[in-house]
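Quick look at input11.cif (mmCIF, C-alpha atoms):
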data_data
loop_
_atom_site.label_atom_id
_atom_site.label_comp_id
_atom_site.auth_asym_id
_atom_site.auth_seq_id
_atom_site.Cartn_x
_atom_site.Cartn_y
_atom_site.Cartn_z
CA MET A 226 0.00 0.00 0.00
CA ALA A 227 2.69 2.46 1.06
CA LYS A 228 4.70 1.42 -1.96
CA LYS A 229 1.79 2.22 -4.24
CA VAL A 230 1.37 5.68 -2.73
CA MET A 231 5.08 6.39 -3.12
CA LEU A 232 5.02 5.25 -6.72
CA THR A 233 2.00 7.39 -7.52
CA LEU A 234 3.62 10.40 -5.88
CA ALA A 235 6.86 9.86 -7.81
CA VAL A 236 4.98 9.63 -11.10
CA VAL A 237 2.98 12.76 -10.29
CA PHE A 238 6.15 14.70 -9.40
CA LEU A 239 7.90 13.50 -12.55
CA VAL A 240 4.97 14.47 -14.74
CA LEU A 241 4.75 17.90 -13.07
CA THR A 242 8.49 18.45 -13.60
CA VAL A 243 8.37 17.49 -17.28
CA VAL A 244 5.18 19.44 -17.97
CA SER A 245 6.47 22.55 -16.24
CA PHE A 246 9.79 22.26 -18.07
CA ILE A 247 8.11 21.97 -21.47
CA GLY A 248 5.49 24.56 -20.65
CA GLY A 249 8.00 26.98 -19.12
CA SER A 250 10.24 29.55 -20.73
CA VAL A 251 12.96 27.15 -21.84
CA GLY A 252 10.44 24.70 -23.26
CA ALA A 253 8.86 27.58 -25.16
CA MET A 254 12.24 28.35 -26.68
CA ILE A 255 12.69 24.71 -27.73
CA ARG A 256 9.24 24.12 -29.18
CA GLY A 257 8.77 27.70 -30.33
CA GLY A 258 5.92 29.95 -29.25
CA GLU A 259 4.89 31.40 -25.95
CA PRO A 260 5.28 29.78 -22.50
CA LEU A 261 2.05 28.69 -20.84
CA SER A 262 0.74 31.52 -18.71
CA ILE A 263 0.87 29.56 -15.42
CA PHE A 264 4.51 28.59 -15.98
CA ALA A 265 5.66 31.95 -17.32
CA VAL A 266 8.26 33.05 -14.75
CA PRO A 267 10.03 36.28 -15.56
CA PRO A 268 13.77 35.83 -16.19
CA PRO A 269 15.83 36.38 -13.03
CA HIS A 270 17.43 39.75 -12.43
CA PRO A 271 19.82 39.24 -9.55
CA GLN A 272 20.67 42.53 -7.92
CA LEU A 273 23.85 42.58 -5.86
CA PRO A 274 23.58 45.87 -3.91
CA ALA A 275 20.72 45.97 -1.42
CA GLU A 276 17.61 47.87 -2.45
CA HIS A 277 16.18 50.88 -0.62
CA PRO A 278 12.49 50.25 0.00
CA PHE A 279 11.95 53.71 1.53
CA PRO A 280 13.15 56.43 -0.84
CA GLY A 281 15.20 59.05 1.00
CA LEU A 282 15.86 56.92 4.07
CA PRO A 283 19.23 55.16 4.35
CA ILE A 284 17.57 51.87 5.33
CA THR A 285 18.09 48.89 3.05
CA ASN A 286 15.89 45.83 2.89
CA THR A 287 18.73 43.62 4.16
CA MET A 288 18.92 45.79 7.27
CA ILE A 289 15.24 45.26 7.97
CA ALA A 290 15.65 41.52 7.46
CA SER A 291 18.63 41.40 9.82
CA TRP A 292 16.63 43.28 12.47
CA LEU A 293 13.91 40.70 12.00
CA SER A 294 16.30 37.82 12.48
CA MET A 295 17.77 39.49 15.58
CA LEU A 296 14.24 39.82 16.89
CA VAL A 297 13.58 36.15 16.20
CA ILE A 298 16.72 35.03 18.03
CA PHE A 299 16.07 37.38 20.92
CA GLY A 300 12.43 36.34 21.17
CA LEU A 301 13.23 32.65 21.01
CA PHE A 302 15.82 32.81 23.75
CA PHE A 303 13.85 35.28 25.86
CA ILE A 304 10.69 33.20 25.84
CA GLY A 305 12.71 30.00 26.25
CA THR A 306 14.47 31.21 29.37
CA ARG A 307 11.70 33.28 30.94
CA ARG A 308 10.31 30.76 33.38
CA MET A 309 13.25 28.49 33.95
CA LYS A 310 12.69 25.14 35.58
CA LEU A 311 15.25 22.72 36.87
CA VAL A 312 13.94 20.02 34.59
CA PRO A 313 13.59 21.75 31.21
CA ARG A 314 10.52 21.16 29.05
CA GLY A 315 9.37 22.32 25.65
CA LEU A 316 11.03 25.47 24.36
CA GLN A 317 13.42 25.73 27.30
CA ASN A 318 14.60 22.23 26.52
CA PHE A 319 15.21 23.17 22.90
CA VAL A 320 17.09 26.36 23.78
CA GLU A 321 19.21 24.55 26.34
CA PHE A 322 19.96 21.83 23.82
CA ILE A 323 21.27 24.39 21.29
CA TYR A 324 23.29 26.20 23.92
CA GLU A 325 24.80 23.05 25.38
CA THR A 326 25.75 21.61 22.00
CA VAL A 327 27.57 24.78 20.98
CA ALA A 328 29.11 25.28 24.43
CA ASN A 329 30.48 21.73 24.46
CA PHE A 330 31.87 22.19 20.96
CA VAL A 331 33.61 25.43 21.95
CA GLU A 332 34.99 24.00 25.17
CA ASP A 333 36.31 20.92 23.38
CA ALA A 334 38.24 23.16 21.00
CA ALA A 335 39.44 25.95 23.28
CA GLY A 336 39.49 24.48 26.76
CA LYS A 337 37.44 25.60 29.73
CA GLU A 338 38.98 28.97 30.45
CA TRP A 339 39.19 30.37 26.90
CA GLY A 340 36.05 28.56 25.85
CA ARG A 341 33.99 30.73 28.15
CA ARG A 342 35.42 33.86 26.51
CA PHE A 343 35.06 32.63 22.92
CA LEU A 344 31.55 31.25 23.33
CA PRO A 345 29.54 34.52 23.17
CA LEU A 346 31.06 35.71 19.90
CA CYS A 347 31.10 32.35 18.14
CA PHE A 348 27.57 31.50 19.28
CA THR A 349 26.25 34.91 18.25
CA ILE A 350 27.82 34.73 14.81
CA PHE A 351 26.50 31.21 14.34
CA LEU A 352 22.97 32.13 15.36
CA PHE A 353 22.89 35.38 13.40
CA VAL A 354 24.10 33.80 10.16
CA LEU A 355 21.78 30.83 10.63
CA ALA A 356 18.75 33.00 11.38
CA ASN A 357 19.49 35.22 8.38
CA ALA A 358 19.79 32.21 6.11
CA TRP A 359 16.74 30.35 7.34
CA ILE A 360 14.39 33.28 7.78
CA ASN A 361 14.89 33.92 4.08
CA LEU A 362 13.48 30.47 3.29
CA ILE A 363 10.02 31.32 4.65
CA PRO A 364 7.77 31.26 1.57
CA GLY A 365 6.82 34.77 0.49
CA PHE A 366 9.69 36.41 2.36
CA GLU A 367 11.08 38.29 -0.60
CA THR A 368 7.76 38.96 -2.27
CA VAL A 369 6.60 41.65 0.17
CA LYS A 370 6.94 44.87 -1.82
CA MET A 371 7.23 48.44 -0.66
CA ASN A 372 7.47 51.25 -3.21
CA GLY A 373 8.27 48.69 -5.92
CA GLU A 374 11.24 47.20 -4.07
CA PRO A 375 11.24 44.04 -1.95
CA LEU A 376 10.88 44.98 1.70
CA LEU A 377 12.88 42.01 3.00
CA ARG A 378 15.91 40.21 1.63
CA ASN A 379 18.42 37.71 3.01
CA ALA A 380 20.88 39.86 4.96
CA ASN A 381 23.76 37.52 4.09
CA THR A 382 23.43 38.46 0.42
CA ASP A 383 24.40 42.04 1.21
CA ILE A 384 28.19 42.17 1.28
CA ASN A 385 28.15 44.64 4.18
CA VAL A 386 26.78 42.09 6.65
CA PRO A 387 29.45 39.40 6.11
CA LEU A 388 32.09 42.13 6.04
CA MET A 389 30.87 43.50 9.36
CA LEU A 390 30.92 40.02 10.91
CA ALA A 391 34.41 39.40 9.50
CA ILE A 392 35.76 42.67 10.90
CA VAL A 393 34.27 41.95 14.33
CA ALA A 394 35.77 38.44 14.26
CA PHE A 395 39.15 39.78 13.14
CA ILE A 396 39.36 42.46 15.85
CA SER A 397 38.23 40.03 18.55
CA ILE A 398 40.77 37.42 17.47
CA GLU A 399 43.64 39.93 17.59
CA TYR A 400 42.38 41.25 20.94
CA TRP A 401 42.36 37.76 22.42
CA GLY A 402 45.81 37.13 21.02
CA PHE A 403 47.14 40.25 22.78
CA LYS A 404 45.29 39.38 25.95
CA ALA A 405 46.79 35.90 26.06
CA LYS A 406 50.33 36.78 25.04
CA GLY A 407 50.80 40.48 25.78
CA THR A 408 53.19 42.39 23.56
CA PRO A 409 55.10 39.24 22.51
CA TYR A 410 52.04 38.53 20.39
CA LEU A 411 53.38 41.20 18.01
CA GLU A 412 56.33 38.91 17.30
CA THR A 413 53.96 36.75 15.31
CA PHE A 414 53.86 39.56 12.77
CA PHE A 415 57.15 41.46 13.16
CA ASN A 416 59.87 39.07 14.10
CA PHE A 417 63.20 40.87 13.61
CA LYS A 418 64.93 39.48 16.68
CA PRO A 419 66.76 36.62 14.91
CA LEU A 420 67.81 39.01 12.13
CA GLY A 421 69.27 41.44 14.70
CA ALA A 422 71.10 38.65 16.45
CA GLY A 423 72.51 37.44 13.14
CA LEU A 424 73.70 40.92 12.16
CA LYS A 425 75.30 41.36 15.56
CA ALA A 426 77.16 38.06 15.16
CA LEU A 427 78.26 39.12 11.67
CA PHE A 428 79.66 42.48 12.82
CA THR A 429 81.39 41.04 15.85
CA GLY A 430 83.44 38.87 13.54
CA LYS A 431 81.76 35.47 13.67
CA ILE A 432 81.39 35.30 9.91
CA LYS A 433 80.04 31.79 9.54
CA ALA A 434 77.51 31.94 12.40
CA GLY A 435 76.63 35.48 11.29
CA PHE A 436 75.73 34.50 7.76
CA SER A 437 73.51 31.61 8.80
CA GLY A 438 71.99 33.87 11.48
CA VAL A 439 71.17 36.59 8.96
CA PHE A 440 69.74 34.03 6.58
CA ASN A 441 67.54 32.61 9.34
CA GLY A 442 66.56 36.12 10.42
CA ILE A 443 65.40 37.03 6.92
CA ILE A 444 63.32 33.87 6.81
CA PHE A 445 61.74 34.70 10.19
CA ALA A 446 60.97 38.26 9.11
CA PHE A 447 59.43 36.93 5.91
CA VAL A 448 57.32 34.43 7.84
CA GLY A 449 56.06 37.28 10.01
CA MET A 450 55.11 39.22 6.90
CA LEU A 451 53.25 36.22 5.53
CA GLU A 452 51.43 35.87 8.84
CA THR A 453 50.31 39.51 8.70
CA LEU A 454 49.11 39.00 5.16
CA SER A 455 47.26 35.82 6.02
CA HIS A 456 45.45 37.51 8.91
CA LEU A 457 44.25 40.25 6.55
CA ILE A 458 43.33 37.86 3.75
CA ARG A 459 41.39 35.80 6.28
CA MET A 460 38.99 38.72 6.66
CA VAL A 461 38.40 38.95 2.91
CA SER A 462 37.93 35.22 2.62
CA PHE A 463 35.48 35.18 5.54
CA THR A 464 33.46 37.87 3.79
CA PHE A 465 33.37 36.36 0.35
CA ARG A 466 32.73 32.81 1.51
CA LEU A 467 29.50 33.75 3.22
CA PHE A 468 28.42 36.41 0.74
CA GLY A 469 29.23 34.21 -2.26
CA ASN A 470 27.53 31.11 -0.94
CA MET A 471 24.35 32.95 -0.05
CA THR A 472 24.22 35.01 -3.24
CA ALA A 473 24.95 31.96 -5.36
CA GLY A 474 22.17 30.08 -3.59
CA MET A 475 19.73 32.91 -4.21
CA ILE A 476 20.61 33.06 -7.90
CA LEU A 477 20.52 29.27 -8.21
CA VAL A 478 16.98 29.06 -6.85
CA MET A 479 15.91 31.95 -9.11
CA ILE A 480 17.36 30.27 -12.19
CA MET A 481 15.87 26.89 -11.33
CA LEU A 482 12.48 28.55 -10.90
CA PHE A 483 12.94 30.08 -14.32
CA LEU A 484 14.02 26.81 -16.00
CA VAL A 485 11.71 24.31 -14.29
CA PRO A 486 8.94 26.12 -12.41
CA LEU A 487 7.66 23.07 -10.49
CA VAL A 488 9.15 20.39 -8.20
CA ALA A 489 12.84 20.83 -9.15
CA PRO A 490 13.34 24.11 -7.22
CA ALA A 491 12.27 22.26 -4.05
CA ALA A 492 15.50 20.23 -4.16
CA PHE A 493 17.56 23.39 -4.38
CA TYR A 494 15.47 24.92 -1.63
CA GLY A 495 16.47 22.02 0.61
CA LEU A 496 20.07 22.47 -0.47
CA GLU A 497 19.84 26.13 0.56
CA ALA A 498 18.56 25.17 4.00
CA PHE A 499 21.51 22.80 4.39
CA PHE A 500 24.07 25.31 3.14
CA GLY A 501 22.72 28.01 5.42
CA PHE A 502 23.47 25.74 8.34
CA VAL A 503 26.89 24.71 7.01
CA GLN A 504 27.93 28.31 6.37
CA ALA A 505 26.80 29.39 9.83
CA MET A 506 28.78 26.51 11.32
CA ILE A 507 31.84 27.41 9.27
CA PHE A 508 31.74 31.10 10.13
CA GLY A 509 31.38 30.42 13.85
CA GLY A 510 33.76 27.47 13.80
CA LEU A 511 36.48 29.30 11.91
CA THR A 512 36.27 32.26 14.27
CA LEU A 513 36.74 29.78 17.09
CA GLY A 514 39.59 28.01 15.33
CA PHE A 515 41.50 31.20 14.54
CA ALA A 516 40.92 32.50 18.06
CA CYS A 517 42.38 29.27 19.46
CA ALA A 518 45.35 29.61 17.09
CA ALA A 519 45.91 33.23 18.19
CA VAL A 520 45.73 32.34 21.87
CA MET A 521 48.08 29.41 21.49
CA ALA A 522 50.40 31.05 18.93
CA GLY A 523 54.08 30.34 19.28
CA GLU A 524 53.81 27.65 21.94
CA MET B 1014 24.62 43.73 -32.03
CA GLU B 1015 27.07 43.34 -29.21
CA THR B 1016 30.33 45.13 -28.97
CA TRP B 1017 33.65 43.39 -28.56
CA THR B 1018 33.86 44.38 -24.88
CA ASP B 1019 30.60 42.56 -24.23
CA VAL B 1020 31.89 39.51 -26.04
CA ALA B 1021 35.11 39.57 -24.04
CA ARG B 1022 33.16 40.05 -20.82
CA LEU B 1023 30.90 37.06 -21.47
CA ILE B 1024 33.80 34.83 -22.52
CA GLY B 1025 35.69 35.96 -19.42
CA ALA B 1026 32.74 35.16 -17.17
CA GLY B 1027 32.36 31.71 -18.70
CA LEU B 1028 36.07 30.98 -18.39
CA ALA B 1029 36.15 32.30 -14.83
CA ILE B 1030 33.51 29.94 -13.53
CA GLY B 1031 34.48 27.06 -15.81
CA LEU B 1032 38.14 27.02 -14.86
CA GLY B 1033 37.39 28.07 -11.31
CA ALA B 1034 35.11 25.09 -10.77
CA LEU B 1035 37.75 22.67 -12.07
CA GLY B 1036 40.03 22.76 -9.04
CA PRO B 1037 37.32 22.58 -6.36
CA GLY B 1038 35.69 19.74 -8.29
CA ILE B 1039 38.89 17.73 -8.14
CA GLY B 1040 39.33 18.73 -4.49
CA ILE B 1041 35.84 17.60 -3.52
CA GLY B 1042 36.43 14.32 -5.36
CA VAL B 1043 39.64 13.72 -3.43
CA LEU B 1044 37.90 14.60 -0.18
CA GLY B 1045 35.05 12.22 -0.91
CA MET B 1046 37.53 9.48 -1.75
CA GLY B 1047 39.39 10.06 1.51
CA ALA B 1048 36.17 10.02 3.51
CA MET B 1049 34.97 6.84 1.82
CA SER B 1050 38.18 4.96 2.45
CA ALA B 1051 38.21 6.19 6.05
CA LEU B 1052 34.64 4.99 6.39
CA GLY B 1053 35.56 1.60 4.95
CA ARG B 1054 38.40 1.21 7.42
CA ASN B 1055 36.58 2.54 10.44
CA PRO B 1056 32.78 2.40 10.07
CA GLU B 1057 32.19 3.30 13.74
CA ALA B 1058 33.59 6.82 13.21
CA ARG B 1059 30.83 7.65 10.75
CA GLY B 1060 29.61 10.81 12.51
CA ALA B 1061 33.01 12.40 12.93
CA ILE B 1062 34.06 11.57 9.36
CA MET B 1063 30.81 12.97 8.00
CA THR B 1064 31.09 16.30 9.87
CA ASN B 1065 34.71 16.83 8.96
CA MET B 1066 34.10 15.85 5.35
CA ILE B 1067 31.29 18.38 5.02
CA LEU B 1068 33.44 21.08 6.63
CA ALA B 1069 36.33 20.36 4.28
CA ILE B 1070 34.03 20.22 1.28
CA ALA B 1071 32.64 23.60 2.21
CA PHE B 1072 36.20 24.98 2.22
CA ALA B 1073 36.93 23.51 -1.19
CA GLU B 1074 33.65 24.81 -2.47
CA ALA B 1075 34.39 28.31 -1.23
CA VAL B 1076 37.07 28.57 -3.93
CA ALA B 1077 34.48 27.82 -6.59
CA ILE B 1078 32.28 30.45 -5.00
CA TYR B 1079 35.03 33.06 -5.44
CA ALA B 1080 35.14 32.19 -9.14
CA LEU B 1081 31.37 32.45 -9.25
CA ILE B 1082 31.50 35.92 -7.71
CA VAL B 1083 33.96 37.00 -10.37
CA ALA B 1084 31.69 35.60 -13.06
CA ILE B 1085 28.61 37.30 -11.57
CA LEU B 1086 30.47 40.60 -11.29
CA LEU B 1087 31.60 40.32 -14.90
CA ILE B 1088 28.09 39.64 -16.17
CA PHE B 1089 25.94 41.90 -14.02
CA VAL B 1090 28.19 44.69 -12.80
CA ALA B 1091 31.09 45.30 -15.16
#

So that I can check it, write out the structure of this file as structure tokens.
Amino acid sequence: MAKKVMLTLAVVFLVLTVVSFIGGSVGAMIRGGEPLSIFAVPPPHPQLPAEHPFPGLPITNTMIASWLSMLVIFGLFFIGTRRMKLVPRGLQNFVEFIYETVANFVEDAAGKEWGRRFLPLCFTIFLFVLANAWINLIPGFETVKMNGEPLLRNANTDINVPLMLAIVAFISIEYWGFKAKGTPYLETFFNFKPLGAGLKALFTGKIKAGFSGVFNGIIFAFVGMLETLSHLIRMVSFTFRLFGNMTAGMILVMIMLFLVPLVAPAAFYGLEAFFGFVQAMIFGGLTLGFACAAVMAGE
Amino acid sequence: METWTDVARLIGAGLAIGLGALGPGIGIGVLGMGAMSALGRNPEARGAIMTNMILAIAFAEAVAIYALIVAILLIFVA
């Protein structure tokens, strides 16, 4: 019985896919003529900069969406922890489950003492990126119009949001590095001590030791330069990883809707839900990983 | 119809994503191979292998995404 139902459903989905493909815009191009009116999806026009739904006000639609996702996170955790019981039930159980999973993950990576300091930032980044990605998947989210522009749009697809998160992560990581190491942390970036020692040996007459010392010193200085560069590039790569993944997902769903209006976009919709989670995990996890590396640098 | 700059732009966008997807594709294949052989040797560690594989695949895929951004910029912005 269940097998029959599954088979019928599969056939129905297949027929819908094929019919919508042939009836849609691409099918119309192949068979010539106009697309059927129900399958006529306008060709996608991805717009990279965020739109301004209120003319004259410097408020973009991605800003409104990010406020909304902040509100959702805040509301969820506020309601979940309002009447706390010793034995959690319902929403409190769910909230505690999320918190404990992330807290254990952070403590496993960074240890107890640093884990407590890293947790707020990593958890916030994770939740913010995740909420932004998933709130966008609510059907009808981007169709609300105001003055001809969409009122809401996935905040991760505006390059300013990932850039802001990346800058916050970068500054926090360097701050923690200084806090853990003090001024010797700077030696990660500007390490001229071996070069100075080598030069000193060279000028005091130890030619052989001096030359190898200078050679080593140049290598150390170069490594420091590379480290500086990699810390700066990290910020760019943080930004573009999130922005690119989310924008590419948005465009992919748009194009699939244009090519095959029925059934097929659902698969990519699911893929988007999965990638939203993976990207949130990567952004939070990488912040954690780099923070651990900064705290433990040079040991 | 189209000027030579448009032609160059479109060819550039196609090459950018086409060549840019080549490396990550190979990388994801290698990663999948490594994960599969690890799974064959140690089936109990399925969860850990899966998580790490997905993380590593996301890193490899990020490179393709950079190429995609270049292609998108070439088509829609430049």

One decimal place gives the CA of Gln317 (chain A)-CA of Phe351 (chain A) separation as 19.2 Å

* To do: Could you tell me which residues the PyMOL selection byres ((chain A) within 8 of (chain B)) returns for this structure, as a ChimeraX atom specification?
  => /A:465-466,469-470,473,503-504,507

Q.
With all atoms listed in the file as the counted atoms, please give the residues lying no more than 10 Å from Tyr494 (chain A), apart from itself and same-chain residues fewer than 2 positions off, as an NGL selection string.
A. :A and (362 or 474-475 or 477-478 or 481 or 489-492 or 496-500)

>> Can you pull out the residues contacting Gly1042 (chain B)? Cut-off 12 Å, using all atoms listed in the file, and skip same-chain residues under 3 positions away; I want them as a list in words.
In response: Leu1035, Gly1036, Pro1037, Gly1038, Ile1039, Gly1045, Met1046, Gly1047, Ala1048, Met1049, Met1066, Ala1069, Ile1070, Ala1073 and Glu1074 of chain B

- Item | Atomic distance CA of Asn286 (chain A) - CA of Leu301 (chain A), expressed in Å with one decimal |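 A separation of 22.6 Å between them.
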